[in-house]
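K.L.:
Once you've had a glance at the structure underneath, I'll fire off some questions.
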Amino acid sequence: MNVDKKSVVPYLYITPWIIGFILFTGGPIIATILLSFTKWDLITPPVWIGFSNFIRMFKVGSEFWWIIRVTLLFTIFSVIISISWALFTAILLNQKIRGTNIFSFFYFAPAVVPLIALTFVFQLILNKELGIINYFLSFIGIKEGPNWLMDKNLVLWVVTVLCIYTYFTGQMMLIFDSALKEVPKELYEAAEIDGANSIDKFFKITLPYISPILFFNLVTATINSLNTSFTLIYPLTAGGPGRATQVISLDIYNNAFKNFRMGYACAEAVILFIITVIVSLLQFKISKKWVYYEA
Amino acid sequence: MGKFVKILILLLFVSMLVFVGFSTEVITIKYAHWNALNETYNYVKAFEKKYPNIKVEFSLIPEAEYSQKLNTMAMTGTAPDVLCLWECDITRFAKAGLIDPLDDYVKGSKEFTLDDFIPAVKNLIRLQGKLYGLPWCFATEIMYYNKDMFDKAKIPYPSDRWTWKDFENAAKKLTIVKDGKVEQWGCDALSFQGLWYSLIGTFGDDIVNDKGQFAIGKGAKDFLQWWYDLTNKYKVVAAPQVSTSGIISTDLFMAGKAAMAFNGSWMTSVYKDIKNFRWDIAPIPKGQRQYSTLHTGFFAIYSKSKVKDAAWKFIEFCLSDEGQKLINKAGNNPSARISILKKGYYKVRGPMGPTRWDAIEKTAQFAQWGYVLLPPGLTFDIVKDFNAAILGQTSIEDVLKRAIERAKDVLGEEGVVTQ
């Protein structure tokens, strides 16, 4: 059999990646699915228990329902806030003013500060007794400032707002920044001749033009928020007060490594995977109505 | 010299070489810990100096991943020969047959006897049936107080006989309100998660009973109601602050904003840097009984180790006077051996305090392992609910009901009793 070299070489190029994927991603995914049907405390052999973990998870009155609710709320709010903020700062950077590089540095600087350091700083800033925010509030007559991170009605909002300081939001800002620079200037000039104001130009030229990038950021921000919210919430509130910020990624960690219930944690991970897939597919489906791939 | 004698001498020479070779063979033991070795008080180096034929291969595992990493290593058969296991892991490791009983080793030891250890060590043996680990040192939970604030308010310092009534009265007198805002709190909020269980323990609940079951109920209810009143009705205790991994980034006691605080004895090494007020320590006040929680790591021998005797030699050295002196000084933690504890190697005082080190020693007499024997995820999750109850976000009854349900979920029905 004659093997066409040209058809084999590309496969050879991607082989290392495929092997890496099978070993380090595919393997763990299959292991996670299999372990979700077991009871396993990490040190004794796993015991097959069928769908028990899933039944326990979805039984009436289970805490898992609450965790799903918090996860979805956090995802929706954090995606909206972080994308809006990234787009807003990117637009500011595209204004014709001097020193945009300096602003660019200041906008991006928090994104490169380690998240763990940022969260501890925010714990201090938001502290009820010693925090600087409540100190400033005392000047305008608010003697008893809010307990920002311990008020169950406030904490989810506070945490989602703090998403703007994460690396991911900074990265989105840079992506938006380059996308905005690609919008042809002639379109704006033509619109101006037609009498369009800034808002018209933004909604009718800028937004449609950068919609593929907006869509890309939307999908990745959603996946990121669903899967990696742990890195922000764990050091900031650890899911408290009560269960106010207990997102699913945090619960997976707690069950796996703090309660030694690896089987249950794997079942939660499987559900998180399914949620992520469904949400992403929905986004792709809806995108057909608002994303324009041609200028 | 005959040929036979020559051969004999040659054989003797060769056998001597072989003997010398064997006797100087270096055995390597693996040892892991979450604390980096202190260069000044390096107990591993001291051990290697004393036993030149044993080399210790030390691995530093970050504290946040320590338990997880040891579990994974044990699962894959790569655990170190000497483990320093946390309280929540030792029972699980013992049940899984991953660590060896140490009873026979201790019986044969010339360095120490079990009678020399603090009472909680024997209680653990009773709970586990055998001795599976020996504490490398210990820490406990105590009360801290600002002496200057007590002097200013003309209140006598907390004594060993203090009850919660004395505490409440003092907290009320020590709280200073100006223009409707609290300027000085009688007591800081509970920050470290273990304190909730220690304080509930003084209200009568077992926390963990003789059978190893999680046991809370009436004591927890009474305590939470009382603490809620102190926080919200009398406003003498600060409102709970966010506490992640049991540590908060703000400390009203250290900031000179609270006259009293409860915390781990390890905080003496942090508070010793205080320069603007005098402070001291006392045991946690008495309720229905005296109670506090002990913290430690247990030296244990991995059951699949091939160098168990050398591993025991290392543990024995670490628990000897020489080893304990280095360990105690390195981390400011007291020894779990009473005779060494009395020597006070751990007492590293700051310019403003503390002076009453006996508070730690007295606490060691009645302190128990308690909640630390349970999975940390469970106990920490329950604390988040306790905080919510004190903040008035959920009722105390609901919190306790949920705590029991959660404990049953994690530990199984047989692992929980309601008191």
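Here, A, B, ... name the chains of the structure tokens in the order displayed, residue numbers run from 1 inside each chain, and ligands are numbered from 1 in the same displayed order.
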Identify, on the basis of only C-alpha atoms, every residue whose closest approach to stretch 108-116 of chain B does not exceed 7 Å; exclude the query and any residue fewer than 3 positions from it along the same chain; express the result as a count of residues only.
P.N.:
6
K.L.:
Restrict the calculation to only C-alpha atoms, then for each residue of chain A with any atom at most 6 Å from an atom of chain B give the closest atom pair and their distance in Å to one decimal, rows by chain and rising residue number, as a Markdown table.
P.N.:
| residue | atom | partner | partner_atom | distance |
| --- | --- | --- | --- | --- |
| A:Ile43 | CA | B:Met75 | CA | 5.0 |
| A:Pro235 | CA | B:Thr244 | CA | 5.8 |
| A:Thr237 | CA | B:Thr244 | CA | 6.0 |
| A:Ala238 | CA | B:Thr244 | CA | 5.2 |
| A:Gly240 | CA | B:Lys384 | CA | 5.6 |
| A:Pro241 | CA | B:Lys384 | CA | 5.5 |
| A:Gly242 | CA | B:Asp385 | CA | 4.3 |
| A:Asn254 | CA | B:Gly377 | CA | 5.6 |
| A:Phe257 | CA | B:Gln68 | CA | 5.9 |
| A:Lys258 | CA | B:Gly377 | CA | 4.3 |
| A:Asn259 | CA | B:Gly377 | CA | 4.9 |
K.L.:
DSSP on the backbone: what in stretch 126-335 of chain B comes out strand (DSSP E), as a PDB file with N, CA and C atoms, in the first residue's frame?
P.N.:
ATOM      1  N   LEU B 134       2.540   9.336  67.260  1.00  0.00           N
ATOM      2  CA  LEU B 134       2.983  10.114  68.420  1.00  0.00           C
ATOM      3  C   LEU B 134       3.084  11.583  68.019  1.00  0.00           C
ATOM      4  N   PRO B 135       2.533  12.479  68.838  1.00  0.00           N
ATOM      5  CA  PRO B 135       2.482  13.900  68.427  1.00  0.00           C
ATOM      6  C   PRO B 135       3.855  14.552  68.367  1.00  0.00           C
ATOM      7  N   ALA B 139      -0.445  22.132  69.829  1.00  0.00           N
ATOM      8  CA  ALA B 139      -0.929  23.500  70.011  1.00  0.00           C
ATOM      9  C   ALA B 139      -2.343  23.361  70.552  1.00  0.00           C
ATOM     10  N   THR B 140      -2.828  24.388  71.187  1.00  0.00           N
ATOM     11  CA  THR B 140      -4.194  24.318  71.691  1.00  0.00           C
ATOM     12  C   THR B 140      -4.869  25.675  71.519  1.00  0.00           C
ATOM     13  N   GLU B 141      -6.092  25.788  71.984  1.00  0.00           N
ATOM     14  CA  GLU B 141      -6.824  27.049  71.821  1.00  0.00           C
ATOM     15  C   GLU B 141      -6.999  27.710  73.182  1.00  0.00           C
ATOM     16  N   ILE B 142      -6.709  28.997  73.239  1.00  0.00           N
ATOM     17  CA  ILE B 142      -6.680  29.720  74.510  1.00  0.00           C
ATOM     18  C   ILE B 142      -7.302  31.106  74.347  1.00  0.00           C
ATOM     19  N   MET B 143      -7.316  31.847  75.469  1.00  0.00           N
ATOM     20  CA  MET B 143      -7.840  33.216  75.426  1.00  0.00           C
ATOM     21  C   MET B 143      -6.668  34.210  75.489  1.00  0.00           C
ATOM     22  N   TYR B 144      -6.795  35.283  74.763  1.00  0.00           N
ATOM     23  CA  TYR B 144      -5.807  36.357  74.780  1.00  0.00           C
ATOM     24  C   TYR B 144      -6.477  37.599  75.361  1.00  0.00           C
ATOM     25  N   TYR B 145      -5.758  38.384  76.144  1.00  0.00           N
ATOM     26  CA  TYR B 145      -6.365  39.620  76.653  1.00  0.00           C
ATOM     27  C   TYR B 145      -5.365  40.762  76.682  1.00  0.00           C
ATOM     28  N   ASN B 146      -5.910  41.949  76.513  1.00  0.00           N
ATOM     29  CA  ASN B 146      -5.128  43.178  76.475  1.00  0.00           C
ATOM     30  C   ASN B 146      -5.043  43.725  77.900  1.00  0.00           C
ATOM     31  N   ILE B 176     -16.411  49.950  74.645  1.00  0.00           N
ATOM     32  CA  ILE B 176     -16.542  51.416  74.685  1.00  0.00           C
ATOM     33  C   ILE B 176     -17.276  51.883  73.419  1.00  0.00           C
ATOM     34  N   VAL B 177     -18.375  52.582  73.638  1.00  0.00           N
ATOM     35  CA  VAL B 177     -19.169  53.092  72.510  1.00  0.00           C
ATOM     36  C   VAL B 177     -19.073  54.613  72.493  1.00  0.00           C
ATOM     37  N   LYS B 178     -18.815  55.178  71.326  1.00  0.00           N
ATOM     38  CA  LYS B 178     -18.715  56.632  71.199  1.00  0.00           C
ATOM     39  C   LYS B 178     -19.560  57.070  70.004  1.00  0.00           C
ATOM     40  N   LYS B 181     -21.069  54.444  67.899  1.00  0.00           N
ATOM     41  CA  LYS B 181     -20.185  53.486  67.214  1.00  0.00           C
ATOM     42  C   LYS B 181     -19.249  52.834  68.236  1.00  0.00           C
ATOM     43  N   VAL B 182     -19.102  51.534  68.120  1.00  0.00           N
ATOM     44  CA  VAL B 182     -18.224  50.827  69.062  1.00  0.00           C
ATOM     45  C   VAL B 182     -16.770  51.154  68.726  1.00  0.00           C
ATOM     46  N   GLU B 183     -16.079  51.718  69.702  1.00  0.00           N
ATOM     47  CA  GLU B 183     -14.663  52.056  69.488  1.00  0.00           C
ATOM     48  C   GLU B 183     -13.745  50.966  69.997  1.00  0.00           C
ATOM     49  N   GLN B 184     -14.231  50.261  71.026  1.00  0.00           N
ATOM     50  CA  GLN B 184     -13.434  49.165  71.592  1.00  0.00           C
ATOM     51  C   GLN B 184     -14.375  48.016  71.925  1.00  0.00           C
ATOM     52  N   TRP B 185     -14.088  46.861  71.344  1.00  0.00           N
ATOM     53  CA  TRP B 185     -14.930  45.695  71.582  1.00  0.00           C
ATOM     54  C   TRP B 185     -14.468  44.945  72.828  1.00  0.00           C
ATOM     55  N   GLY B 186     -15.429  44.389  73.547  1.00  0.00           N
ATOM     56  CA  GLY B 186     -15.075  43.549  74.693  1.00  0.00           C
ATOM     57  C   GLY B 186     -14.300  42.334  74.221  1.00  0.00           C
ATOM     58  N   CYS B 187     -14.759  41.768  73.105  1.00  0.00           N
ATOM     59  CA  CYS B 187     -14.079  40.580  72.574  1.00  0.00           C
ATOM     60  C   CYS B 187     -14.185  40.566  71.048  1.00  0.00           C
ATOM     61  N   ILE B 207     -18.627  16.987  71.355  1.00  0.00           N
ATOM     62  CA  ILE B 207     -17.998  17.289  70.052  1.00  0.00           C
ATOM     63  C   ILE B 207     -17.648  15.971  69.344  1.00  0.00           C
ATOM     64  N   VAL B 208     -16.688  15.227  69.896  1.00  0.00           N
ATOM     65  CA  VAL B 208     -16.453  13.852  69.406  1.00  0.00           C
ATOM     66  C   VAL B 208     -16.427  12.959  70.644  1.00  0.00           C
ATOM     67  N   PHE B 214     -19.478  12.172  65.969  1.00  0.00           N
ATOM     68  CA  PHE B 214     -19.695  13.620  66.070  1.00  0.00           C
ATOM     69  C   PHE B 214     -20.905  13.835  66.974  1.00  0.00           C
ATOM     70  N   ALA B 215     -20.721  14.630  68.026  1.00  0.00           N
ATOM     71  CA  ALA B 215     -21.788  14.734  69.028  1.00  0.00           C
ATOM     72  C   ALA B 215     -21.998  16.179  69.451  1.00  0.00           C
ATOM     73  N   ILE B 216     -22.982  16.845  68.821  1.00  0.00           N
ATOM     74  CA  ILE B 216     -23.359  18.181  69.288  1.00  0.00           C
ATOM     75  C   ILE B 216     -24.872  18.240  69.450  1.00  0.00           C
ATOM     76  N   ALA B 258      -9.936  45.297  70.301  1.00  0.00           N
ATOM     77  CA  ALA B 258     -10.715  44.356  71.108  1.00  0.00           C
ATOM     78  C   ALA B 258      -9.895  43.961  72.330  1.00  0.00           C
ATOM     79  N   ALA B 259     -10.577  43.922  73.492  1.00  0.00           N
ATOM     80  CA  ALA B 259      -9.859  43.656  74.744  1.00  0.00           C
ATOM     81  C   ALA B 259      -9.540  42.177  74.913  1.00  0.00           C
ATOM     82  N   MET B 260     -10.385  41.322  74.355  1.00  0.00           N
ATOM     83  CA  MET B 260     -10.148  39.877  74.487  1.00  0.00           C
ATOM     84  C   MET B 260     -10.325  39.219  73.119  1.00  0.00           C
ATOM     85  N   ALA B 261      -9.743  38.045  73.002  1.00  0.00           N
ATOM     86  CA  ALA B 261      -9.904  37.268  71.764  1.00  0.00           C
ATOM     87  C   ALA B 261      -9.603  35.817  72.086  1.00  0.00           C
ATOM     88  N   PHE B 262     -10.186  34.950  71.290  1.00  0.00           N
ATOM     89  CA  PHE B 262      -9.854  33.528  71.416  1.00  0.00           C
ATOM     90  C   PHE B 262      -9.102  33.124  70.162  1.00  0.00           C
ATOM     91  N   ASN B 263      -8.065  32.330  70.360  1.00  0.00           N
ATOM     92  CA  ASN B 263      -7.311  31.897  69.186  1.00  0.00           C
ATOM     93  C   ASN B 263      -6.411  30.722  69.544  1.00  0.00           C
ATOM     94  N   GLY B 264      -5.713  30.216  68.565  1.00  0.00           N
ATOM     95  CA  GLY B 264      -4.804  29.104  68.804  1.00  0.00           C
ATOM     96  C   GLY B 264      -3.568  29.578  69.550  1.00  0.00           C
ATOM     97  N   TRP B 279      -0.061  42.422  76.817  1.00  0.00           N
ATOM     98  CA  TRP B 279      -1.073  41.378  76.654  1.00  0.00           C
ATOM     99  C   TRP B 279      -0.632  40.082  77.333  1.00  0.00           C
ATOM    100  N   ASP B 280      -1.590  39.207  77.524  1.00  0.00           N
ATOM    101  CA  ASP B 280      -1.264  37.921  78.144  1.00  0.00           C
ATOM    102  C   ASP B 280      -2.273  36.864  77.713  1.00  0.00           C
ATOM    103  N   ILE B 281      -2.086  35.665  78.237  1.00  0.00           N
ATOM    104  CA  ILE B 281      -2.959  34.549  77.841  1.00  0.00           C
ATOM    105  C   ILE B 281      -3.592  33.885  79.059  1.00  0.00           C
ATOM    106  N   ALA B 282      -4.719  33.215  78.827  1.00  0.00           N
ATOM    107  CA  ALA B 282      -5.422  32.489  79.898  1.00  0.00           C
ATOM    108  C   ALA B 282      -6.155  31.313  79.266  1.00  0.00           C
ATOM    109  N   LEU B 294      -7.075  20.274  70.928  1.00  0.00           N
ATOM    110  CA  LEU B 294      -5.646  20.107  70.671  1.00  0.00           C
ATOM    111  C   LEU B 294      -5.389  20.003  69.163  1.00  0.00           C
ATOM    112  N   HIS B 295      -4.243  20.473  68.759  1.00  0.00           N
ATOM    113  CA  HIS B 295      -3.839  20.362  67.347  1.00  0.00           C
ATOM    114  C   HIS B 295      -2.441  19.789  67.296  1.00  0.00           C
ATOM    115  N   GLY B 297       0.410  17.042  64.710  1.00  0.00           N
ATOM    116  CA  GLY B 297       0.627  16.093  63.622  1.00  0.00           C
ATOM    117  C   GLY B 297       1.214  14.868  64.299  1.00  0.00           C
ATOM    118  N   PHE B 298       0.884  13.679  63.814  1.00  0.00           N
ATOM    119  CA  PHE B 298       1.358  12.461  64.476  1.00  0.00           C
ATOM    120  C   PHE B 298       2.429  11.788  63.635  1.00  0.00           C
ATOM    121  N   PHE B 299       3.568  11.556  64.268  1.00  0.00           N
ATOM    122  CA  PHE B 299       4.592  10.754  63.602  1.00  0.00           C
ATOM    123  C   PHE B 299       4.068   9.333  63.473  1.00  0.00           C
ATOM    124  N   ALA B 300       4.139   8.790  62.284  1.00  0.00           N
ATOM    125  CA  ALA B 300       3.675   7.425  62.068  1.00  0.00           C
ATOM    126  C   ALA B 300       4.588   6.739  61.061  1.00  0.00           C
ATOM    127  N   ILE B 301       4.547   5.409  61.063  1.00  0.00           N
ATOM    128  CA  ILE B 301       5.398   4.640  60.132  1.00  0.00           C
ATOM    129  C   ILE B 301       4.523   4.022  59.044  1.00  0.00           C
TER     130      ILE B 301
END
K.L.:
For B:Thr355, which residue among B:Asp148, B:Thr163, B:Arg278, B:Leu319 is the nearest when counting only C-alpha atoms?
P.N.:
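Closest residue, counting only C-alpha atoms: B:Arg278.
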K.L.:
Using Å and a single decimal, report how far atom CA of A:Ile76 sits from atom CA of A:Ser36.
P.N.:
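Between these atoms lies a distance of 27.1 Å.
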K.L.:
Would you mind writing down, as a PyMOL selection string, each residue of stretch 38-79 of chain A that DSSP on the backbone assigns to alpha helix (DSSP H)?
P.N.:
chain A and resi 52-58+63-79
